Each structure stands twice: as C-alpha cells, then as structure tokens.
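Here the structure is laid out as structure tokens; the discussion comes afterwards.
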Amino acid sequence: MNLRVLPGLLAWTFVSPFAAACGPFFPDTVLDKPQAALDVPPVSYLAELHRIAGTPMPTERFVLGETPFLAQIPLEVAQLRMGWREAGVPEQVIEDRIKRYTEVRQVLLTGLETVGRSGFPIGAAAAGALPLKPLEQDFPRDVADYVEGARLHAIGRTEEARALWKGILERPAAEKRLRGIWAAWMLAKTSGDPDECLRWYERVDREEQEGAIDLLNLAAAAKSWRASAVGNPIESLRLFYDAFRSGKEGAALDIRNISAAILEEKNDTSLKEAAADPVLRRLLNLHLQALLDGPGQNDRIEEEAEPGAEQASLLPPNEWLAALAATAPLPLEDGSRLAWALYAAGRYDEAAHWLTISRKDEPLARWLQAKFDLRAGNLEAARRNLAAAEQVWSMAADWKPGNPYLESMWMDAGTERLQGFQGRLLADAGMVALASADVSAATVSLVEGGYDEDAAYLAERVLSTDELLKLVRAKAPAWEPAPDRPQSEEEDYRTDDSDVVDPATCLEGDMIGNYSWHMTAKNRLRYELARRLGREGRLDEAAEFMPPSLKRLFDHYRSLHAARTSGRYSGEALAAITWREARLHRSWGAELFSTDTFPDGGIHGWSFEAEDLSAIRSHRHGWTVEWNEQLEIKDAEVEADRAVPLVLESEIERVKRHPLPNTNRFHYRYVAADLAMKAAESLPDNHPQLAPLYNTAGQWLAARNPQAADPLYQAMVKRCKDTPMGQAADKKRWFIGNTEALQDLPGLPDELMPKKP
C-alpha cells in the first residue's frame with residue numbers, strides 16, 4: 001500500500017453515505033423500457049471530481065481498526081524503520097525500538113475519538129503510567145519530543161505540551177523534518193482561541209512547503225479546517241478544493257455541500273465570481289450534473305414539483321445561468337455538464353442552447369448530442385456521436401464499464417457509479433445499434449457494458465444460433481480462466497471453475513446443482529451459446545462452449561443421448577439409458593440447457609421469474625408494463641411511453657423465426673418428463689420399476705403444473721394397474737407422495753455408467 005494514500009482513504013470512509021434498503025437488487029436493464037435511450041446516466045461525483053483535480057481515484061479501501069488513530073501507527077513505524085535501515089542500524093535493534101514505540105503510541109492513542117477543528121481529547125488513564133520522556137535518545141529528537149508532548153497533554157499538562165511542540169517548530173528544518181507538521185497540527189488542535197487555531201493550521205501548510213514530511217496528509221486536513229472557518233463561501237470552496245487536490249478525500253463532501261449552498265443562496269457576487277473562475281465553475285456544474293443524474297430523473301422532478309412552483313426553485317438556477325452567460329468565456333469549457341443538468345431537468349431547449357455554446361469535441365458533449373439526435377430520429381448521427389465518446393473514454397486507465405447492482409448505486413460508491421456511467425454509454429450504443437438493425441454490434445455493446453440481461457435476450461431470441469456462434473468465435477474465442485487468488489480470500493461461490501462436476505456423483509443428494517463458473521461477460525456469452533446449442537440438439541457443438549466445471553458432466557449426457565438415439569439398444573437397456581438422461585435433464589437441466597432470460601431466468605440464478613422481452617417489444621411503437629397478478633403489457637397511450645428509438649419490425653420477425661420450443665418456466669423439467677415417458681415406453685406393463693418411474697417423473701411437474709403432469713399419472717394407472725403403487729395412485733387419483741424417488745434402472749450398459757473415483 002502507498003503510505004501517502006492511506007489518510008485520504010481513512011477520511012473517505014467516513015463520508016460515504018449508506019442507505020438501507022430491501023432486496024433483491026438487480027442490475028439495470030434497458031430494452032424493457034421504451035425510452036431508456038433518452039435517460040440520464042448515473043454520475044460518480046467522486047470520480048468526476050478527481051478528473052477535474054487531475055488526481056487518480058483511490059484503488060484501495062482501508063479497513064479501520066479500533067479507532068482511526070490506531071490505524072496510523074503502522075505508518076509511523078514504517079517511517080522510522082526506513083530511516084534506521086538507511087542509517088545502518090542493526091535489524092534486532094530496530095525491532096526492539098519499534099516494539100517500544102508501538103507500545104507507547106498504543107497507550108496514547110487507544111480510545112481517542114475524532115475531534116473538530118479545535119480541541120483534542122486528553123486520553124486514556126493508562127497514559128499516566130508512562131515514564132517521563134518514554135522514548136529514549138535513540139529516537140529522532142523531534143519524534144521523542146513530540147511523543148513527550150503527547151504524553152503531557154494526555155495527563156492534562158497541556159501547556160507544557162504546547163511549549164514542547166513550539167520548541168520543535170523553532171528548530172532548523174532538518175531537525176523537525178519528521179514531526180514539524182505534527183507539532184503545528186497539535187498546537188492548532190489544543191488552541192482555545194479560534195484565530196490562533198487558524199494561524200497554526202496555516203503553519204502546517206508552511207511547514208510542508210519548507211520540506212517537512214507530511215506522513216498523515218495533515219496539510220490537506222488543515223486546509224479543510226481552515227476552509228470550514230472561512231466566512232466567504234467562495235474562499236472556503238477554494239480551500240476545500242485545494243485540500244482535496246492535496247489528498248484530503250473527505251473534502252469532497254464539503255466541496256459538494258458548499259457548491260450547493262452557493263447555488264441555493266443565489267448571491268449575485270458569489271455566482272459571478274464562481275462563473276469567472278474555471279475551477280469553481282467546474283465544481284458548481286459538476287454538482288448540478290451529479291444532483292440531477294440517473295434514469296427516471298425527469299419523472300422524479302415532475303413528481304416533486306409543487307403546483308405553481310416559482311421559477312426560482314428550478315434546477316439549475318436561472319441566476320447561475322445568467323452569471324455564466326455574463327461572465328464565462330466561450331466556448332464554455334465544461335458547458336456540457338450544465339447542459340446535461342438542464343436535460344435531466346426536462347429543460348431541453350435550454351440544454352440544447354448550452355450544448356451549442358460549449359466545446360463540442362468533449363465526450364460528454366458528444367453523448368448528450370446523441371440524445372438529441374435520437375429525439376430527432378437521426379440514428380446515424382446518434383451512433384456516430386456515441387462511438388466518438390466511447391473512443392475517447394475507452395482509452396482512459398479507469399475505463400471499466402459495468403452495470404453494478406442498484407444497491408451499490410444508492411451507496412454513492414464512487415467506483416461503482418463510474419462503472420455505471422461508462423456502462424450506460426455502451427448500453428446506449430447497444431440500443432442505437434439494435435435500432436439500426438446491427439444486432440451483433442448491439443449484443444457486443446450490451447455485453448461489454450454489463451447489461452447481461454439485455455444482451456442475453458439478443459443472444460437467445462434475436463440472433464440466429466449460427467449468428468451467435470460466429471459472434472462468440474470472434475469476440476469470446478476462449479474461456480477466460482479465473483485469476484489466481486489467495487487461499488483465504490472469500491468470494492461468491494460461483495466465481496471460478498474449480499468445482500468440476502463428477503458424473504459419477506452428480507445425482508447424489510447435495511451434489512445436485514453444486515458447481516461454479518468464472519463469471520465474466522464473455523464467459524456468460526459462451527455459456528449462453530452452449531445452452532442454446534444444447535436446447536437445439538447440437539450437443540457436439542455445445543460441448544466446446546460449456547464451462548470447464550461442466551464439461552465432464554455434459555460429455556456424460558452426450559454419451560447417453562448418443563446411445564439412446566443410436567438404435568443399438570432396446571428393452572431394459574434403452575429404458576435405463578433414457579431414464580438416466582431424463583434424471584440428468586431434471587437435476588442439471590438448469591445448468592446445461594436453461595435460458596438466461598424468459599422463460600427460465602437463469603441470469604438471476606433461476607430464483608426469479610423473467611420478463612418476456614419479446615412480448616414487451618412486440619409493441620414496437622411504445623408500451624407500458626404493469627405487474628398485477630400477472631404481467632400486463634399495453635400499447636403506449638402517452639408521449640412518455642413512446643418508443644425512442646422504435647423497435648424494428650425485423651427484430652420482431654427475428655424472434656418469430658427463433659421460437660422457444662417450450663415457454664414454461666423451468667422448461668427443462670418438461671423435457672425431462674418427456675424423456676421419462678420415452679423411458680417408460682421401453683418397459684412392459686406392470687414392470688416393477690414402471691410405476692416408480694411414472695411416480696417420480698410426475699412429481700417433477702405436479703406441484704407447478706398439474707395439467708402437464710397428468711399424462712404421466714394417466715399412463716401410470718393404465719399401465720401399472722396390477723402393481724401396488726399403480727393401485728394406490730388410482731385410489732388416490734394422483735401421485736403417491738412421501739415415496740423414495742427412483743434412482744438408476746438396472747440394465748444401464750457398463751460403458752455408459754461413470755465410475756466413482
């Protein structure tokens with residue numbers, strides 16, 4: 001870990017607001033919404049603030065220990081160890097000193113709470129047990145004196161402590177290099193006079209400029225405290241921004257709050273001063289863009305607006321627009337942010353105006369222009385502008401588009417919102433490509449953007465199987481293996497390919513459904529192709545694309561299928577082969593043959609019912625969707641439900657050309673039941689295994705779809721009337737519950753039965 005990064009990470013830990021909510025949480029989707037292509041993307045305020053500041057987003061999150069003060073001890077230790085090693089001090093001597101230093105600092109810092117601009121807690125009672133000058137002369141003098149001052153303050157002798165810290169600051173720069181900043185910081189914290197406190201915070205900044213080591217980034221924190229005490233909001237905003245650029249991540253929250261206050265107060269002088277300053281102008285426009293971000297923002301604003309609301313309540317404020325028009329140079333460097341905010345507020349003419357007088361080559365401007373192109377029906381221009389924006393942003397080091405779960409978006413997590421912002425650009429590109437009849441390009445954009453459910457609809461329903469096969473060979477030619485990771489690292493159980501399913505044990509109790517695969521966008525596309533080929537009976541082709549963990553199982557299934565259809569087997573042998581194939585299809589059909597979208601919902605682990613996107617999008621001019629007892633889809637009746645862009649007739653025709661053989665949820669259970677019926681056909685009436693076969697297979701469907709299970713029941717009572725189970729079923733008029741499920745039938749050829757290790 002970079003030691004200079006830690007203080008900022010510590011600070012940001014405290015300013016990320018969490019919102020409690022109930023699940024389940026799903027990633028966003030776009031193809032089920034008629035105007036998703038016109039929506040406003042989520043904005044990562046933190047990421048954009050770093051972009052303005054020219055600083056990198058933190059890549060590490062630090063987990064706090066007992067208190068934030070204890071978390072700094074490893075940094076202090078690392079600094080001392082490095083200095084002693086450079087001086088050639090023996091390792092054992094270093095370790096002895098480190099042990100002593102750590103013990104003293106733990107006594108002084110344990111139990112301390114965070115404090116405000118001035119004031120610092122006295123400390124734990126244990127500090128009284130420390131000896132006078134607890135660090136010997138072997139320690140750097142400024143370090144030893146600083147710690148002695150901390151001890152004195154901890155036991156209530158603050159004035160003596162302040163005298164020691166002032167003495168440190170009076171020394172030459174080389175003799176206060178390690179703790180000069182700390183001494184000035186503590187003088188600010190322990191000052192009872194507000195003006196003196198601010199002067200000591202200014203001294204922190206001066207000490208840093210003169211070469212003192214700022215191990216804990218206190219100079220940035222000092223700027224934040226100075227900013228909080230300044231009465232002028234413009235000057236305060238400058239100081240907080242300077243603190244943020246210096247590494248004080250927590251200043252982001254202050255920057256946003258002050259930006260909001262300046263815009264809300266509408267002071268003409270402050271607004272014009274901010275409009276004339278290129279940095280402050282960006283900060284206020286970023287606040288507005290982030291405030292009015294996210295899909296559905298227009299609806300939210302309309303719902304919250306009071307009847308007859310005055311123009312003064314509008315966002316962005318007209319006073320800010322006037323200040324920009326009067327003061328800011330043209331073309332407006334970051335006017336696209338303001339244009340996005342106006343667009344999000346439904347003020348489209350004003351948004352178009354500000355976009356016109358802003359820099360047109362910025363990716364943000366090109367993206368918004370694409371929205372206006374779509375409103376005008378110019379698909380070609382929209383696609384060109386989206387491609388231009390993607391070309392620029394995709395070259396950045398932080399380009400990692402995604403579609404994080406909505407829960408993460410609510411938490412205002414900077415990284416997740418940045419991924420969502422980038423992913424939404426690709427989703428827009430996918431929607432426009434689909435409206436341009438380029439289904440393959442649309443699929444790629446949605447896959448790369450993390451819009452898995454939308455991409456799955458195209459892969460499973462709109463592309464032909466051969467088109468999907470060609471696309472996968474081009475874009476996902478090989479399975480992406482899981483990266484190596486520490487043995488102790490905890491991850492979701494379906495994140496790698498290590499759990500290879502053994503065909504010999506796959507039908508035993510808790511082994512059913514127990515598998516994992518490394519989930520990436522490209523692997524998912526390959527997996528969807530494998531299952532589609534499997535559903536269509538192209539088993540040999542499907543095998544190439546199955547996840548590594550399922551290959552042995554699928555090969556076993558293929559061998560059973562090949563044997564069943566070879567014509568070489570009959571009677572009990574054929575029944576045994578077909579029955580095992582049926583059992584595999586029932587127990588592993590989800591993993592080997594299911595759809596990710598409608599009807600099976602594999603994309604969410606088969607736990608939730610999937611929307612039928614083809615039914616929704618058949619209302620090509622627009623639609624509304626309501627969930628009552630069942631999904632109700634109606635043609636659009638208002639402008640807000642009109643499809644933009646329109647769904648192509650060719651998309652609807654493609655879906656019709658690739659119909660699903662079975663639209664029941666968990667369709668593979670029905671296939672398994674059909675195979676069971678075939679297995680039964682190879683056994684004579686009243687065979688001792690026939691009634692258990694019907695009874696087991698019937699209960700695969702009985703609870704969810706009694707009508708579909710009824711043929712198995714009827715065959716059972718007709719063909720097994722001389723057996724106890726058949727007679728019991730006839731008497732009950734249904735299947736017999738609480739009976740052991742039928743396992744493998746006798747007669748399965750040895751070469752088809754996998755051997756246990």
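Just so we're on the same page: first chain in the structure tokens is A, next is B, and so on; residues restart at 1 for each chain, and ligands are numbered from 1 in the order they show up.
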What's around Glu350 (chain A) at 12 Å? Count only C-alpha atoms, leave out sequence neighbours fewer than 2 positions away in its own chain, and write the answer as an MDAnalysis selection string. chainID A and resid 315:316 318 321 335:336 338:348 352:357
Spatial neighbours of Gly602 (chain A), max dist 12 Å, only C-alpha atoms, sep filter under 5 positions, as JSON, numbers by chain: {"A": [452, 453, 456, 457, 460, 524, 527, 528, 531, 589, 590, 591, 592, 593, 594, 595, 596, 597, 607, 608, 609, 610, 611, 665, 666, 667, 668]}
For C-alpha atoms, I'd like the residues from the last selection saved as an mmCIF file, in the first residue's frame.
data_model
loop_
_atom_site.group_PDB
_atom_site.id
_atom_site.type_symbol
_atom_site.label_atom_id
_atom_site.label_comp_id
_atom_site.auth_asym_id
_atom_site.auth_seq_id
_atom_site.Cartn_x
_atom_site.Cartn_y
_atom_site.Cartn_z
ATOM 1 C CA ASP A 452 -26.236 -9.029 -19.272
ATOM 2 C CA GLU A 453 -29.995 -9.498 -19.273
ATOM 3 C CA ALA A 456 -28.970 -12.388 -23.258
ATOM 4 C CA TYR A 457 -32.283 -11.521 -24.914
ATOM 5 C CA GLU A 460 -31.122 -16.191 -27.114
ATOM 6 C CA ARG A 524 -21.530 -15.693 -19.992
ATOM 7 C CA TYR A 527 -22.274 -20.251 -21.761
ATOM 8 C CA GLU A 528 -25.479 -18.898 -23.323
ATOM 9 C CA ARG A 531 -27.023 -23.950 -23.652
ATOM 10 C CA GLY A 589 -31.176 -29.053 -16.843
ATOM 11 C CA ALA A 590 -30.857 -25.550 -15.430
ATOM 12 C CA GLU A 591 -27.073 -25.651 -15.676
ATOM 13 C CA LEU A 592 -26.928 -27.372 -19.080
ATOM 14 C CA PHE A 593 -29.991 -26.211 -21.029
ATOM 15 C CA SER A 594 -31.785 -23.254 -19.424
ATOM 16 C CA THR A 595 -32.330 -19.804 -20.862
ATOM 17 C CA ASP A 596 -30.840 -16.823 -19.080
ATOM 18 C CA THR A 597 -33.917 -14.748 -19.922
ATOM 19 C CA SER A 607 -34.787 -17.731 -8.494
ATOM 20 C CA PHE A 608 -36.936 -15.028 -10.075
ATOM 21 C CA GLU A 609 -39.386 -15.008 -12.941
ATOM 22 C CA ALA A 610 -38.004 -13.359 -16.061
ATOM 23 C CA GLU A 611 -39.782 -10.768 -18.184
ATOM 24 C CA ARG A 665 -40.701 -21.625 -16.643
ATOM 25 C CA PHE A 666 -38.096 -24.300 -15.846
ATOM 26 C CA HIS A 667 -38.777 -25.727 -19.289
ATOM 27 C CA TYR A 668 -36.078 -28.377 -18.856
#
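Comparing A:Ser191, A:Gly423, A:Ala53, A:Leu324 by their smallest distance to Tyr241 (chain A), the closest is A:Ala53 (using only C-alpha atoms).
CA of Met716 (chain A) is found 11.9 Å from CA of Pro688 (chain A).
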What does the distance from CA of Arg81 (chain A) to CA of Ala212 (chain A) come to in Å, to one decimal? 17.8 Å
